[in-house]
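Peer 1: A single structure is presented below for examination.
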Amino acid sequence: MTLELPTVCDIMSLRVKVRNAESGATVEMELESENTIDDIIEGAAGYWEKDAGAYVLRRGKRLLRGQQTVAEAGLLNNDELELIPDPEGG
Amino acid sequence: MKTPRILNAESIEIEERAAPPLERIKPHKWLSEEDLREYSTQERNGFELYVSRIAEEKMRNHSIRYAGEQKEAMGLLLGWVYKENGRIYSLVKDIVTTDLESTFVNVRFDRGAFEKLFQALEDAGFNYIVTGWYHSHPGHGCFMSSTDLYTQRTYFGDRAHSAIVIDPMNMEIKAFYLEGKRIKNRIFAIYWDEYENPYYGTCVRKKVIKSNPNRVSPTE
């Protein structure tokens, strides 16, 4: 019988900084590996009283996909992310 | 599973800084006569929006290029917010954009082209705030449509944020901002200053010096 031990990623929480591109404000968040990118967007947008569905999140030049978990997205402790507006004109 | 927890938050403090001086600003050449009169009235007291010549040229050229295809153009305004004698003003230093999903009456970023936009943000070379957005109305005048108003309210509700609308076919440009729930016309100035240029001192072209072995140096 083999025991499946939790990986470091499974048990550790990590901290990331999320920057609001429209104001320069930042929040520091504590995440668990199962949290999704949508959770991060909702947490940050909620804090700034913004509509979470209207934003995208970037890490460097990479778009972080909403349904991905923190582990799947490969987020690391102390990563800096940025909330970017996704406007529409008519 | 816990939801993400906010540990702490920081906001920026708006720095006191002199706005571009009178000798380094001018009205946009596409302003209407009415806006030009308002520009003259406001010129001495200062504006709430200054757009760099670089950003203005990029927006205008982008809009003209897309107008050729009967499409709207769009992008984000990058800059910073300052205050001078209690007046808060935005300085737009540059713009960023990417591939667009665009028609004659609608525009948004291409869903598959965010990484190009993010690369442009990474390459900005200066600390920025997205101080607003621009888009074009090819041939249908400068106003805020219901979609534009929704965008402004969703993202750019702060007074310091602006929406620039360009009609490249009629050579018109206007800026707008939200005051409470009402959209208002914002008179703005174009500024130029080498030291404000975010790319000042950056060499964009390597100068190749070909030496002539037969040439005698004047010092020899």
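The chains in the structure tokens are called A, B, ... from first to last as shown; in each chain the residues are counted from 1, and the ligands are counted from 1 in the order shown.
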Could you give me, as a PDB file with N, CA, C and O atoms, in the first residue's frame, the residues within 8 Å of Pro85 (chain A), counting only C-alpha atoms and dropping anything in the same chain fewer than 6 positions from it?

Peer 2:
```pdb
ATOM      1  N   ALA A  21      -4.407  48.375 -11.442  1.00  0.00           N
ATOM      2  CA  ALA A  21      -3.757  49.227 -12.452  1.00  0.00           C
ATOM      3  C   ALA A  21      -4.414  50.600 -12.571  1.00  0.00           C
ATOM      4  O   ALA A  21      -3.767  51.567 -12.972  1.00  0.00           O
ATOM      5  N   GLU A  22      -5.682  50.709 -12.225  1.00  0.00           N
ATOM      6  CA  GLU A  22      -6.391  51.992 -12.387  1.00  0.00           C
ATOM      7  C   GLU A  22      -6.079  53.001 -11.290  1.00  0.00           C
ATOM      8  O   GLU A  22      -6.380  54.180 -11.436  1.00  0.00           O
ATOM      9  N   ALA A  54     -15.282  42.015 -14.843  1.00  0.00           N
ATOM     10  CA  ALA A  54     -14.843  42.950 -15.871  1.00  0.00           C
ATOM     11  C   ALA A  54     -13.323  43.046 -15.995  1.00  0.00           C
ATOM     12  O   ALA A  54     -12.822  43.818 -16.798  1.00  0.00           O
ATOM     13  N   TYR A  55     -12.615  42.256 -15.215  1.00  0.00           N
ATOM     14  CA  TYR A  55     -11.159  42.409 -15.172  1.00  0.00           C
ATOM     15  C   TYR A  55     -10.436  41.143 -15.596  1.00  0.00           C
ATOM     16  O   TYR A  55     -10.964  40.043 -15.496  1.00  0.00           O
ATOM     17  N   VAL A  56      -9.192  41.331 -16.000  1.00  0.00           N
ATOM     18  CA  VAL A  56      -8.294  40.204 -16.230  1.00  0.00           C
ATOM     19  C   VAL A  56      -7.076  40.399 -15.324  1.00  0.00           C
ATOM     20  O   VAL A  56      -6.780  41.515 -14.891  1.00  0.00           O
TER      21      VAL A  56
ATOM     22  N   TYR B 155     -15.050  50.914 -14.867  1.00  0.00           N
ATOM     23  CA  TYR B 155     -13.603  50.945 -14.607  1.00  0.00           C
ATOM     24  C   TYR B 155     -13.083  52.322 -14.215  1.00  0.00           C
ATOM     25  O   TYR B 155     -12.127  52.431 -13.461  1.00  0.00           O
TER      26      TYR B 155
END
```

Peer 1: Counting only C-alpha atoms, which residues from chain B have an atom at most 9 Å from any atom of chain A, and could you show them as a count of residues only?

Peer 2: 57

Peer 1: Grab the CA of Val92 (chain B) to CA of Tyr50 (chain B) distance for me, in Å with one decimal place.

Peer 2: 6.1 Å

Peer 1: Give the alpha helix (DSSP H) residues of region 97-157 of chain B, as assigned by DSSP on the backbone, as a PyMOL selection string.

Peer 2: chain B and resi 114-122+146-155

Peer 1: Using only C-alpha atoms, which residue out of B:Gly157, B:Gly180, B:Pro20, B:Gly139 lies closest to Leu49 (chain B)?

Peer 2: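 Closest candidate: B:Pro20.
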
Peer 1: Name the residues of chain A that fall into strand (DSSP E or B) according to DSSP on the backbone, using the chain letters and numbers of this document, as a PyMOL selection string.

Peer 2: chain A and resi 13-20+26-32+36+55-59+62-64+69+79-85+88-89

Peer 1: Considering only C-alpha atoms, return as a ChimeraX atom specification whatever protein or nucleic-acid residues lie within 9 Å of Lys26 (chain B), sequence-local ones (same chain, fewer than 2 positions apart) excluded.

Peer 2: /B:22-24,28-29,189-192

Peer 1: Could those selected residues go to a file with C-alpha atoms, as a CSV table (one decimal), in the first residue's frame?

Peer 2:
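The resulting file, part11.csv, is reproduced below:
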```
chain,number,residue,atom,x,y,z
B,22,LEU,CA,2.3,77.2,-20.5
B,23,GLU,CA,5.2,77.3,-23.0
B,24,ARG,CA,5.1,73.5,-23.3
B,28,HIS,CA,-5.1,69.6,-29.8
B,29,LYS,CA,-5.5,70.6,-33.5
B,189,ALA,CA,-3.8,70.0,-23.3
B,190,ILE,CA,-1.1,68.4,-25.3
B,191,TYR,CA,2.3,68.7,-23.6
B,192,TRP,CA,5.8,68.1,-24.8
```
